[in-house]
Amino acid sequence: MRSTTITEQKRIDQPTGTETVGHEWDGIEELNTPLPRWWLWTFYATVVFAIGYVVVYPSVPGANGAPAGYLNWSSRENLQSALDARQSELKPVYAALAATDITALPGKPELMNQAIAGGAAAFKVHCVQCHGSGAAGAKGYPNLNDDEWLWGGDLATIEKTIADGIRQPGHDATRMSQMPAFGRDGILQPAQIEDVVSYVRTLSGQEKGSASSARGQALFTANCAVCHGPDGKGSRTVGAPNLTDAIWLYGGDRATIAQTVTNSRYGVMPAWSLHLDKVTIRMLAAYVHSLGGGEAAPAPVSAPEQAADAASAAPAGAGNVGG
């Protein structure tokens, strides 16, 4: 195979009547077919448009940014103007939400719906990183769609949890619970921990009773019932999970429960009051409550009952063994 370029042998191709360019490759010649006129005019138009665009709009990058262009147009300024306009439209809604106690929102359906819509938008920005886009959570991050709550699922309680977080360092109002590291701190021996695990798994129906679980029940009563309750159903006062259901924050298999009992857990949720305004937190609470697991507001507690609850509250917190 060879290629030759013989410019002096240009000729007219007989079948097409087009002049050749003089290039030939293994007997195949290149025709000097002119571009269609419409294509040329389109090309020239794009060149003119590009020159005009560069003059009118910011397009050519410089050392300190693109020139402003003849129209001094800015996409950032347009966006900010649109955001400012939207904020002005929402001011009455924000003012109404700020002035309305969150427990009164269900009695104002239109305002409640606006709060839920705003909370859905805020959730996508601030919460999906841990709880997921569908709020179904992941290992160590609670599912917000179910009806299992460590601290409570009514509107006011959810708002409190979002505002003050869980175990937020340096924030005095944060939700605080602490499960002892029974193995790491030498409170229980490895064999005893295995017995406790057996009993905990019988509570949730994952194992049948055995000699190990019987020993574990005695250990549970002595070490765990103070927070999780004698029946293992937990306590919202100290954020102790219910161990009798099938919902587990870190996992309900033997190895995971043993790891939890041995070393404890110490998950942290940010105190969003340090980062977000009161209205945004209120909207987030309304949205989370609307996901399907939200609860009605608890009945008012009388003063004698409050005193009794305070007297019986356990001083130690509880970790996230369950959901």
# chains A, B, ... in the order shown; residues from 1 in each chain; ligands from 1

call {"tool": "residues_around", "arguments": {"residues": "segment 268-285 of chain A", "least_positions_apart": "3", "cutoff": "7 Å", "atoms": "only C-alpha atoms", "output": "JSON, numbers by chain"}}
result
{"A": [94, 97, 98, 102, 115, 116, 118, 119, 120, 122, 123, 155, 158, 159, 162, 163, 164, 165, 166, 167, 168, 174, 288, 289]}

call {"tool": "select_by_dssp", "arguments": {"residues": "segment 65-275 of chain A", "states": "helix (DSSP H, G or I)", "output": "MDAnalysis selection string"}}
result
chainID A and resid 75:99 102:107 109:126 128:131 155:164 190:203 211:223 225:228 254:263 272:274

call {"tool": "residues_around", "arguments": {"residues": "Val93 of chain A", "least_positions_apart": "3", "cutoff": "8 Å", "atoms": "only C-alpha atoms", "output": "ChimeraX atom specification"}}
result
/A:90,96-97,111,114

call {"tool": "residues_around", "arguments": {"residues": "segment 50-55 of chain A", "least_positions_apart": "5", "cutoff": "7 Å", "atoms": "only C-alpha atoms", "output": "list in words"}}
result
Val60, Gly69 and Tyr70 of chain A

call {"tool": "atom_distance", "arguments": {"atom1": "atom CA of His126 of chain A", "atom2": "atom CA of Tyr287 of chain A"}}
result
12.9 Å
